[in-house]
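Structure data follow from my_file16.txt (compact mmCIF, C-alpha atoms):
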```
# COMPACT_ATOMS: atom_id res chain seq x y z
CA MET A 1 15.90 19.70 19.56
CA ALA A 2 19.53 20.55 18.92
CA THR A 3 21.80 17.82 17.68
CA SER A 4 25.41 17.38 16.91
CA HIS A 5 25.35 18.13 13.25
CA ASN A 6 25.47 21.54 11.77
CA PRO A 7 22.17 22.12 9.91
CA ASP A 8 24.20 23.11 6.86
CA HIS A 9 26.20 19.96 6.97
CA VAL A 10 26.10 17.90 3.79
CA ASP A 11 27.24 14.35 4.27
CA HIS A 12 29.58 12.41 2.05
CA ILE A 13 26.84 11.12 -0.31
CA GLY A 14 26.07 14.70 -1.08
CA HIS A 15 22.64 15.40 0.38
CA ALA A 16 21.53 17.52 3.25
CA PRO A 17 20.06 15.73 6.29
CA ALA A 18 17.04 18.00 6.33
CA HIS A 19 13.99 16.55 4.61
CA HIS A 20 11.21 18.04 2.60
CA ARG A 21 7.91 18.51 4.40
CA SER A 22 4.89 18.73 2.13
CA SER A 23 2.06 21.11 2.91
CA LEU A 24 -1.13 19.81 4.52
CA LEU A 25 -3.07 21.15 1.56
CA SER A 26 -1.11 18.97 -0.86
CA TYR A 27 -2.14 15.83 1.06
CA PHE A 28 -5.81 16.79 0.88
CA ALA A 29 -5.42 17.56 -2.85
CA VAL A 30 -3.92 14.09 -3.38
CA PHE A 31 -6.79 12.54 -1.41
CA MET A 32 -9.41 14.39 -3.46
CA THR A 33 -7.66 13.34 -6.71
CA LEU A 34 -7.82 9.71 -5.58
CA MET A 35 -11.51 10.09 -4.66
CA VAL A 36 -12.35 11.56 -8.07
CA LEU A 37 -10.42 8.77 -9.83
CA THR A 38 -12.28 6.17 -7.73
CA VAL A 39 -15.60 7.64 -8.91
CA VAL A 40 -14.30 7.64 -12.50
CA THR A 41 -13.28 3.97 -12.12
CA VAL A 42 -16.83 2.98 -11.11
CA TRP A 43 -18.47 5.26 -13.69
CA VAL A 44 -16.34 4.07 -16.63
CA SER A 45 -16.92 0.42 -15.69
CA ARG A 46 -20.64 0.94 -16.34
CA ILE A 47 -20.03 2.08 -19.92
CA ASN A 48 -19.61 -0.77 -22.35
CA LEU A 49 -16.23 -0.26 -24.00
CA GLY A 50 -15.93 -3.90 -25.04
CA ASP A 51 -12.38 -5.18 -24.67
CA LEU A 52 -11.22 -1.73 -23.61
CA ASN A 53 -12.96 -1.73 -20.19
CA THR A 54 -10.16 -3.56 -18.40
CA PRO A 55 -7.28 -1.59 -20.01
CA VAL A 56 -9.07 1.67 -19.10
CA ALA A 57 -9.64 0.46 -15.50
CA MET A 58 -5.97 -0.52 -15.23
CA ALA A 59 -4.83 2.79 -16.71
CA ILE A 60 -6.82 4.69 -14.05
CA ALA A 61 -5.43 2.38 -11.34
CA ILE A 62 -1.88 3.06 -12.59
CA VAL A 63 -2.51 6.82 -12.41
CA LYS A 64 -3.87 6.41 -8.85
CA ALA A 65 -0.89 4.26 -7.82
CA THR A 66 1.52 6.82 -9.32
CA VAL A 67 -0.15 9.63 -7.37
CA VAL A 68 0.14 7.61 -4.14
CA ILE A 69 3.80 6.72 -4.82
CA LEU A 70 4.87 10.25 -5.74
CA TRP A 71 3.07 12.25 -3.03
CA PHE A 72 1.90 9.98 -0.20
CA MET A 73 5.10 7.94 -0.37
CA HIS A 74 7.19 11.09 -0.94
CA VAL A 75 9.14 9.69 -3.88
CA ILE A 76 8.88 13.04 -5.65
CA HIS A 77 11.09 14.56 -2.92
CA SER A 78 13.33 11.51 -2.54
CA PRO A 79 16.95 11.12 -3.60
CA ARG A 80 17.78 9.59 -6.96
CA MET A 81 18.72 6.30 -5.37
CA THR A 82 15.09 5.85 -4.23
CA TRP A 83 13.88 6.65 -7.74
CA ILE A 84 16.17 3.94 -9.12
CA VAL A 85 14.75 1.32 -6.73
CA VAL A 86 11.14 2.35 -7.39
CA ILE A 87 11.48 2.44 -11.16
CA SER A 88 13.47 -0.78 -11.34
CA SER A 89 10.92 -2.63 -9.21
CA PHE A 90 8.23 -1.80 -11.77
CA LEU A 91 10.66 -2.64 -14.56
CA TRP A 92 11.03 -6.14 -13.09
CA LEU A 93 7.26 -6.36 -12.75
CA ALA A 94 6.97 -5.47 -16.45
CA VAL A 95 9.57 -8.12 -17.32
CA MET A 96 7.52 -10.70 -15.39
CA PHE A 97 4.30 -9.73 -17.16
CA VAL A 98 5.86 -9.61 -20.64
CA LEU A 99 7.65 -12.98 -20.38
CA PHE A 100 4.64 -14.57 -18.69
CA PHE A 101 2.22 -13.54 -21.42
CA ALA A 102 4.71 -14.09 -24.23
CA ASP A 103 4.57 -17.72 -23.13
CA TYR A 104 0.85 -18.05 -22.48
CA MET A 105 -0.21 -16.25 -25.65
CA THR A 106 2.08 -17.91 -28.18
CA ARG A 107 3.00 -21.43 -27.11
CA GLY A 108 -0.18 -23.41 -27.48
CA TRP A 109 -1.54 -22.70 -24.03
CA PRO A 110 -5.29 -22.00 -23.88
CA LEU A 111 -4.82 -18.28 -24.52
CA SER A 112 -3.24 -18.61 -27.95
CA MET B 1 30.04 5.93 24.60
CA SER B 2 27.68 7.41 22.08
CA ASP B 3 27.60 4.13 20.19
CA VAL B 4 25.60 2.37 22.90
CA THR B 5 22.80 4.90 23.02
CA LEU B 6 20.80 2.84 20.55
CA HIS B 7 20.09 0.21 23.19
CA HIS B 8 18.46 2.45 25.71
CA GLY B 9 17.43 5.32 23.54
CA ALA B 10 13.72 4.88 24.07
CA GLU B 11 13.73 5.61 27.77
CA HIS B 12 15.81 8.71 27.26
CA ALA B 13 14.16 10.09 24.17
CA ALA B 14 13.27 13.25 26.02
CA GLU B 15 16.85 13.80 27.11
CA PRO B 16 18.86 13.84 23.93
CA HIS B 17 21.97 15.23 25.58
CA LYS B 18 22.30 12.66 28.29
CA HIS B 19 24.64 10.41 26.33
CA GLY B 20 26.93 12.97 24.86
CA HIS B 21 26.26 14.77 21.66
CA HIS B 22 24.51 12.12 19.59
CA HIS B 23 20.77 11.78 19.07
CA PRO B 24 19.55 8.80 21.13
CA PHE B 25 18.18 7.05 18.06
CA LEU B 26 21.24 7.54 15.86
CA GLN B 27 22.65 4.09 15.26
CA HIS B 28 26.41 3.94 15.57
CA HIS B 29 27.06 2.75 12.01
CA PHE B 30 25.54 5.90 10.52
CA GLU B 31 27.25 9.25 10.34
CA ASP B 32 24.14 11.27 11.06
CA LEU B 33 20.34 11.03 11.18
CA GLY B 34 20.03 12.18 7.58
CA GLN B 35 22.12 9.28 6.35
CA GLN B 36 20.27 6.88 8.67
CA HIS B 37 16.92 8.16 7.39
CA GLU B 38 17.86 7.64 3.76
CA ALA B 39 19.36 4.22 4.33
CA SER B 40 16.25 3.00 6.18
CA THR B 41 13.84 4.47 3.62
CA LEU B 42 15.83 2.89 0.81
CA GLY B 43 15.79 -0.44 2.65
CA MET B 44 12.02 -0.22 2.99
CA TRP B 45 11.73 0.47 -0.72
CA PHE B 46 13.68 -2.73 -1.44
CA PHE B 47 11.12 -4.56 0.71
CA VAL B 48 8.26 -2.86 -1.16
CA ALA B 49 9.93 -3.87 -4.45
CA GLN B 50 9.76 -7.55 -3.51
CA GLU B 51 6.17 -7.07 -2.33
CA ILE B 52 5.32 -5.62 -5.75
CA LEU B 53 6.71 -8.75 -7.39
CA PHE B 54 4.98 -11.00 -4.82
CA PHE B 55 1.55 -9.55 -5.60
CA GLY B 56 2.57 -9.22 -9.27
CA GLY B 57 2.70 -13.01 -9.57
CA ALA B 58 -0.87 -13.28 -8.33
CA PHE B 59 -2.00 -10.61 -10.80
CA CYS B 60 -0.27 -12.48 -13.67
CA ALA B 61 -2.11 -15.70 -12.80
CA TYR B 62 -5.36 -13.73 -12.44
CA PHE B 63 -5.12 -12.39 -16.01
CA VAL B 64 -4.30 -15.80 -17.52
CA TYR B 65 -7.29 -17.48 -15.86
CA ARG B 66 -9.52 -14.52 -16.59
CA ALA B 67 -8.73 -14.91 -20.30
CA MET B 68 -9.43 -18.65 -20.05
CA TYR B 69 -12.70 -18.28 -18.08
CA HIS B 70 -13.93 -14.98 -19.40
CA ASP B 71 -17.69 -15.52 -18.84
CA ALA B 72 -17.26 -17.13 -15.43
CA TRP B 73 -15.14 -14.15 -14.34
CA LYS B 74 -17.92 -11.76 -15.35
CA LEU B 75 -20.54 -13.82 -13.51
CA GLY B 76 -18.35 -14.19 -10.42
CA SER B 77 -17.66 -10.46 -10.37
CA HIS B 78 -21.39 -9.73 -10.58
CA HIS B 79 -21.78 -11.58 -7.29
CA GLN B 80 -19.61 -8.93 -5.65
CA ASP B 81 -21.33 -5.87 -4.24
CA TRP B 82 -19.47 -3.04 -5.97
CA LYS B 83 -21.02 -0.49 -3.60
CA ILE B 84 -19.38 -2.18 -0.62
CA GLY B 85 -16.13 -2.45 -2.60
CA ALA B 86 -16.23 1.24 -3.54
CA ALA B 87 -17.05 2.29 0.04
CA ASN B 88 -14.14 0.20 1.30
CA THR B 89 -11.87 1.80 -1.32
CA ILE B 90 -12.80 5.22 0.07
CA VAL B 91 -12.16 4.01 3.63
CA LEU B 92 -8.74 2.65 2.67
CA ILE B 93 -7.68 5.76 0.73
CA GLY B 94 -8.90 7.78 3.73
CA SER B 95 -6.60 5.70 5.94
CA SER B 96 -3.73 6.51 3.57
CA LEU B 97 -4.52 10.20 4.02
CA THR B 98 -4.45 9.93 7.82
CA MET B 99 -1.22 7.91 7.57
CA ALA B 100 0.36 10.62 5.40
CA LEU B 101 -0.85 13.24 7.90
CA ALA B 102 0.74 11.22 10.73
CA VAL B 103 4.10 11.44 8.95
CA TRP B 104 3.51 15.17 8.48
CA GLY B 105 2.76 15.51 12.19
CA ALA B 106 5.87 13.56 13.19
CA GLN B 107 7.97 15.84 10.95
CA GLY B 108 6.61 18.79 12.87
CA ALA B 109 6.90 17.31 16.37
CA ARG B 110 3.12 17.33 16.82
CA ARG B 111 2.93 14.40 19.19
CA LYS B 112 -0.81 14.44 19.91
CA PHE B 113 -1.78 15.14 16.30
CA THR B 114 0.43 12.30 15.05
CA THR B 115 -0.98 9.89 17.63
CA LEU B 116 -4.52 10.88 16.68
CA MET B 117 -3.79 10.34 12.98
CA LEU B 118 -2.27 6.92 13.66
CA VAL B 119 -5.32 5.96 15.75
CA LEU B 120 -7.60 7.10 12.90
CA THR B 121 -5.53 5.06 10.43
CA LEU B 122 -5.94 2.04 12.70
CA ILE B 123 -9.71 2.59 12.99
CA LEU B 124 -10.16 3.01 9.21
CA GLY B 125 -8.00 -0.08 8.60
CA GLY B 126 -10.14 -1.96 11.14
CA ILE B 127 -13.34 -0.88 9.36
CA PHE B 128 -11.88 -2.09 6.05
CA VAL B 129 -10.99 -5.54 7.41
CA GLY B 130 -14.34 -5.76 9.24
CA VAL B 131 -16.26 -5.02 6.04
CA LYS B 132 -14.12 -7.58 4.22
CA GLY B 133 -15.07 -10.13 6.86
CA TYR B 134 -18.75 -9.27 6.37
CA GLU B 135 -18.36 -9.79 2.61
CA TYR B 136 -16.67 -13.15 3.21
CA SER B 137 -19.57 -14.27 5.42
CA VAL B 138 -22.07 -13.30 2.68
CA HIS B 139 -20.10 -15.28 0.05
CA ILE B 140 -19.92 -18.32 2.30
CA HIS B 141 -23.63 -18.02 3.08
CA HIS B 142 -24.33 -18.06 -0.69
CA GLY B 143 -22.05 -21.03 -1.26
CA LEU B 144 -19.67 -18.81 -3.18
CA PHE B 145 -16.40 -20.42 -2.25
CA PRO B 146 -14.01 -22.86 -3.91
CA GLY B 147 -15.24 -26.43 -3.79
CA ALA B 148 -18.83 -25.61 -2.86
CA GLN B 149 -20.30 -26.25 -6.34
CA THR B 150 -23.54 -24.78 -5.07
CA TYR B 151 -23.50 -21.12 -5.85
CA THR B 152 -26.90 -19.53 -6.31
CA ASN B 153 -26.79 -18.86 -10.07
CA VAL B 154 -25.89 -22.41 -10.93
CA GLU B 155 -29.30 -22.90 -12.61
CA SER B 156 -28.75 -20.04 -15.05
CA ALA B 157 -25.27 -21.10 -16.13
CA PRO B 158 -24.33 -24.55 -14.81
CA GLU B 159 -21.33 -24.79 -17.16
CA LEU B 160 -19.78 -21.78 -15.44
CA THR B 161 -19.94 -23.20 -11.91
CA ARG B 162 -16.34 -24.43 -11.83
CA GLY B 163 -15.12 -21.21 -13.46
CA VAL B 164 -16.91 -19.09 -10.89
CA GLU B 165 -15.30 -21.18 -8.16
CA LEU B 166 -11.92 -20.44 -9.75
CA PHE B 167 -12.78 -16.74 -9.74
CA MET B 168 -13.66 -17.02 -6.05
CA THR B 169 -10.35 -18.84 -5.44
CA PHE B 170 -8.54 -15.80 -6.84
CA TYR B 171 -10.88 -13.50 -4.94
CA PHE B 172 -10.20 -15.15 -1.58
CA THR B 173 -6.46 -15.58 -2.23
CA MET B 174 -5.84 -12.00 -3.35
CA THR B 175 -8.13 -10.23 -0.88
CA GLY B 176 -6.96 -12.63 1.85
CA LEU B 177 -3.28 -11.81 1.24
CA HIS B 178 -4.24 -8.16 1.15
CA ALA B 179 -6.20 -8.42 4.41
CA LEU B 180 -3.25 -10.27 6.01
CA HIS B 181 -1.07 -7.28 5.11
CA MET B 182 -3.70 -5.01 6.68
CA VAL B 183 -3.70 -7.01 9.92
CA ILE B 184 0.10 -6.93 10.09
CA GLY B 185 -0.09 -3.19 9.40
CA ALA B 186 -2.61 -2.75 12.22
CA GLY B 187 -0.24 -4.53 14.63
CA LEU B 188 2.59 -2.22 13.54
CA LEU B 189 0.30 0.80 13.99
CA LEU B 190 -0.37 -0.17 17.62
CA TRP B 191 3.38 -0.19 18.24
CA PHE B 192 3.78 3.17 16.47
CA ILE B 193 0.92 4.70 18.47
CA LYS B 194 2.74 3.71 21.67
CA ARG B 195 6.09 5.04 20.43
CA THR B 196 4.58 8.29 19.15
CA TRP B 197 2.67 8.89 22.38
CA ARG B 198 5.82 8.53 24.50
CA GLY B 199 7.54 11.07 22.25
CA ASP B 200 10.06 9.08 20.23
CA PHE B 201 9.56 11.03 17.01
CA GLY B 202 10.21 14.56 15.86
CA PRO B 203 11.66 16.61 13.01
CA GLU B 204 15.11 15.07 13.55
CA TYR B 205 13.87 11.52 13.75
CA TYR B 206 10.68 10.44 12.03
CA GLY B 207 12.10 7.80 9.67
CA PRO B 208 10.21 4.88 11.27
CA VAL B 209 6.86 6.68 10.84
CA GLU B 210 7.79 7.36 7.22
CA ILE B 211 8.57 3.65 6.74
CA MET B 212 5.28 2.65 8.39
CA GLY B 213 3.64 4.98 5.86
CA LEU B 214 5.43 3.35 2.92
CA TYR B 215 4.07 -0.03 3.99
CA TRP B 216 0.54 1.27 4.53
CA HIS B 217 0.42 3.13 1.21
CA PHE B 218 1.74 0.07 -0.62
CA VAL B 219 -1.12 -2.02 0.78
CA ASP B 220 -3.49 0.74 -0.37
CA ILE B 221 -2.03 0.53 -3.91
CA VAL B 222 -2.65 -3.23 -4.05
CA TRP B 223 -6.31 -2.57 -3.27
CA ILE B 224 -6.50 0.16 -5.93
CA PHE B 225 -5.81 -2.62 -8.47
CA LEU B 226 -7.88 -5.31 -6.76
CA PHE B 227 -11.07 -3.23 -6.65
CA PRO B 228 -11.69 -2.93 -10.44
CA LEU B 229 -10.35 -6.45 -11.10
CA LEU B 230 -12.65 -8.19 -8.61
CA TYR B 231 -15.75 -5.98 -8.37
CA LEU B 232 -16.05 -4.31 -11.78
CA VAL B 233 -15.23 -7.01 -14.36
```

Please express what this file holds, its structure, as structure tokens.
Amino acid sequence: MATSHNPDHVDHIGHAPAHHRSSLLSYFAVFMTLMVLTVVTVWVSRINLGDLNTPVAMAIAIVKATVVILWFMHVIHSPRMTWIVVISSFLWLAVMFVLFFADYMTRGWPLS
Amino acid sequence: MSDVTLHHGAEHAAEPHKHGHHHPFLQHHFEDLGQQHEASTLGMWFFVAQEILFFGGAFCAYFVYRAMYHDAWKLGSHHQDWKIGAANTIVLIGSSLTMALAVWGAQGARRKFTTLMLVLTLILGGIFVGVKGYEYSVHIHHGLFPGAQTYTNVESAPELTRGVELFMTFYFTMTGLHALHMVIGAGLLLWFIKRTWRGDFGPEYYGPVEIMGLYWHFVDIVWIFLFPLLYLV
């Protein structure tokens, strides 16, 4: 489908309109990675690691989420502006968690 | 009058040249489809960012109460069938794969393939929500819901009854919000199946399918965290 713009045209923000298209194989590789990590999640939960079980489960979940974000959600091929939004959203999430638990763990609430 | 093409672009998607030299789906305030694509993707990411914080609040509360009711959380989690949870995780990640493949198909102007992938995504999403509904009915049958005070293991650990109810409150709230997102996603998928089938999308214009994918994958990510936190404590 021909359109008005020259395929070589680079707009004023400085990026080409054409977008990256990942290979089919890469999507299946991502899927298999997520399947393996799901099996690992279940397997590791059955080993008694004491207080470490939940941190390990969350670490695996973070790896899975990162894989989804980078490849399924195409962030790895996205412009820097998208990276800034993605990273800052998790930065704000981290701020929420840190301030939340700084309060609950140190100020006489039941956790401290 | 290229700036009015937006309003009747759908009917003329197959005739891109009818209204001059602009793509029928190029909105007049964008210079070209590339700029439009990036602006809409970025906008969707801002939406996803607030969704991350929305669910993040629930996860914060979950961890505080889990620390306060440690034993009750373990007992409540043992009432979940991890095999069903794991199977549903596979179904949902499978739906993310078909969603990603739908975007791939739209990028390559494979109309039938993209439609098929969207239909598969809808079916897998439907299976997920159906299984969730089955799990809910089992919990309710066993009196495992907030306020019931009757759950089956009450004899073994009566002091944990209220704590287990609190766990189930988090369970129903978090999986319920997640399932609500799934249902909204399923509605959107129906609309995208219709649009894809009539040929709206192609290599020049697949941004909406990409955005649909961002939403679907985000909902998948929420479940990736919910599964170990609710089924494998």

Counting only C-alpha atoms, what are the residues of chain B within 8 Å of chain A, and for each of them which pair of atoms is the nearest and at what distance in Å, to one decimal? Sort the table by chain and rising number, as a Markdown table.
```
| residue | atom | partner | partner_atom | distance |
| --- | --- | --- | --- | --- |
| B:Pro16 | CA | A:Met1 | CA | 7.9 |
| B:His21 | CA | A:Ser4 | CA | 5.5 |
| B:His22 | CA | A:Ser4 | CA | 6.0 |
| B:His23 | CA | A:Thr3 | CA | 6.3 |
| B:Glu31 | CA | A:Asp11 | CA | 7.9 |
| B:Asp32 | CA | A:His5 | CA | 7.3 |
| B:Leu33 | CA | A:Pro17 | CA | 6.8 |
| B:Gly34 | CA | A:Pro17 | CA | 3.8 |
| B:Gln35 | CA | A:Pro17 | CA | 6.8 |
| B:Leu42 | CA | A:Thr82 | CA | 5.9 |
| B:Trp45 | CA | A:Val85 | CA | 6.8 |
| B:Phe46 | CA | A:Val85 | CA | 6.7 |
| B:Ala49 | CA | A:Ser89 | CA | 5.0 |
| B:Gln50 | CA | A:Ser89 | CA | 7.6 |
| B:Ile52 | CA | A:Ser89 | CA | 7.2 |
| B:Leu53 | CA | A:Leu93 | CA | 5.9 |
| B:Gly56 | CA | A:Leu93 | CA | 6.5 |
| B:Gly57 | CA | A:Met96 | CA | 7.9 |
| B:Cys60 | CA | A:Phe97 | CA | 6.4 |
| B:Val64 | CA | A:Leu111 | CA | 7.4 |
| B:Ala67 | CA | A:Leu111 | CA | 6.7 |
| B:Met68 | CA | A:Leu111 | CA | 6.4 |
| B:Ala86 | CA | A:Thr38 | CA | 7.6 |
| B:Thr89 | CA | A:Thr38 | CA | 7.8 |
| B:Ile90 | CA | A:Met35 | CA | 6.9 |
| B:Ile93 | CA | A:Phe31 | CA | 7.2 |
| B:Gly94 | CA | A:Phe31 | CA | 7.3 |
| B:Ser96 | CA | A:Phe72 | CA | 7.6 |
| B:Leu97 | CA | A:Phe31 | CA | 6.3 |
| B:Ala100 | CA | A:Phe72 | CA | 5.8 |
| B:Leu101 | CA | A:Leu24 | CA | 7.4 |
| B:Trp104 | CA | A:Arg21 | CA | 6.9 |
| B:Gln107 | CA | A:Arg21 | CA | 7.1 |
| B:Glu204 | CA | A:Met1 | CA | 7.6 |
| B:Gly213 | CA | A:Met73 | CA | 7.1 |
| B:Leu214 | CA | A:Met73 | CA | 5.7 |
| B:His217 | CA | A:Met73 | CA | 6.9 |
| B:Ile221 | CA | A:Ala65 | CA | 5.5 |
| B:Ile224 | CA | A:Ala61 | CA | 5.9 |
| B:Phe225 | CA | A:Ala61 | CA | 5.8 |
| B:Pro228 | CA | A:Ala57 | CA | 6.4 |
| B:Leu229 | CA | A:Thr54 | CA | 7.9 |
| B:Leu232 | CA | A:Ser45 | CA | 6.2 |
| B:Val233 | CA | A:Thr54 | CA | 7.3 |
```

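Computed from the coordinates, the CA of Ile140 in chain B to CA of Ser95 in chain B distance equals 27.7 Å.
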
From the list B:Ala106, B:Asp71, B:Tyr65, B:Ala179, which residue is nearest Glu159 in chain B when using all atoms listed in the file?
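Answer, going by the shortest atom-to-atom distance: B:Asp71.
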
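The space separating CA of Leu37 in chain A from CA of Trp223 in chain B comes to 13.7 Å.
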
Find, counting all atoms listed in the file, the residue in B:Thr196, B:Gln27, B:Thr173, B:Thr121 that gets nearest to Ala39 in chain B.
B:Gln27

Length of the CA of His139 in chain B to CA of Pro158 in chain B vector [Å]:
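Here the two named atoms are 18.0 Å from each other.
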
Determine, counting all atoms listed in the file, which protein, DNA and RNA residues have an atom within 12 Å of an atom of Trp191 in chain B; residues of the same chain fewer than 6 positions away are not included. Present the result as a tab-separated table (two decimals) with C-alpha atoms, in the frame of the given file.
```
chain	number	residue	atom	x	y	z
B	115	THR	CA	-0.98	9.89	17.63
B	118	LEU	CA	-2.27	6.92	13.66
B	119	VAL	CA	-5.32	5.96	15.75
B	122	LEU	CA	-5.94	2.04	12.70
B	184	ILE	CA	0.10	-6.93	10.09
B	185	GLY	CA	-0.09	-3.19	9.40
B	197	TRP	CA	2.67	8.89	22.38
B	198	ARG	CA	5.82	8.53	24.50
B	200	ASP	CA	10.06	9.08	20.23
B	208	PRO	CA	10.21	4.88	11.27
B	209	VAL	CA	6.86	6.68	10.84
B	212	MET	CA	5.28	2.65	8.39
```

Within 9 Å of (-14.7, -18.9, -17.5) (file coordinates; all atoms listed in the file), which protein or nucleic acid residues are there? I'd like them as a PyMOL selection string.
chain B and resi 65-75+159-164+166-167

Taking (-9.7, 2.1, 11.5) in the coordinates of the supplied file, I want to know which residues reach to within 12 Å of it, counting only C-alpha atoms; could you give the answer as a PyMOL selection string?
chain B and resi 88+91-96+98-99+116-131+182-183+185-187+189-190
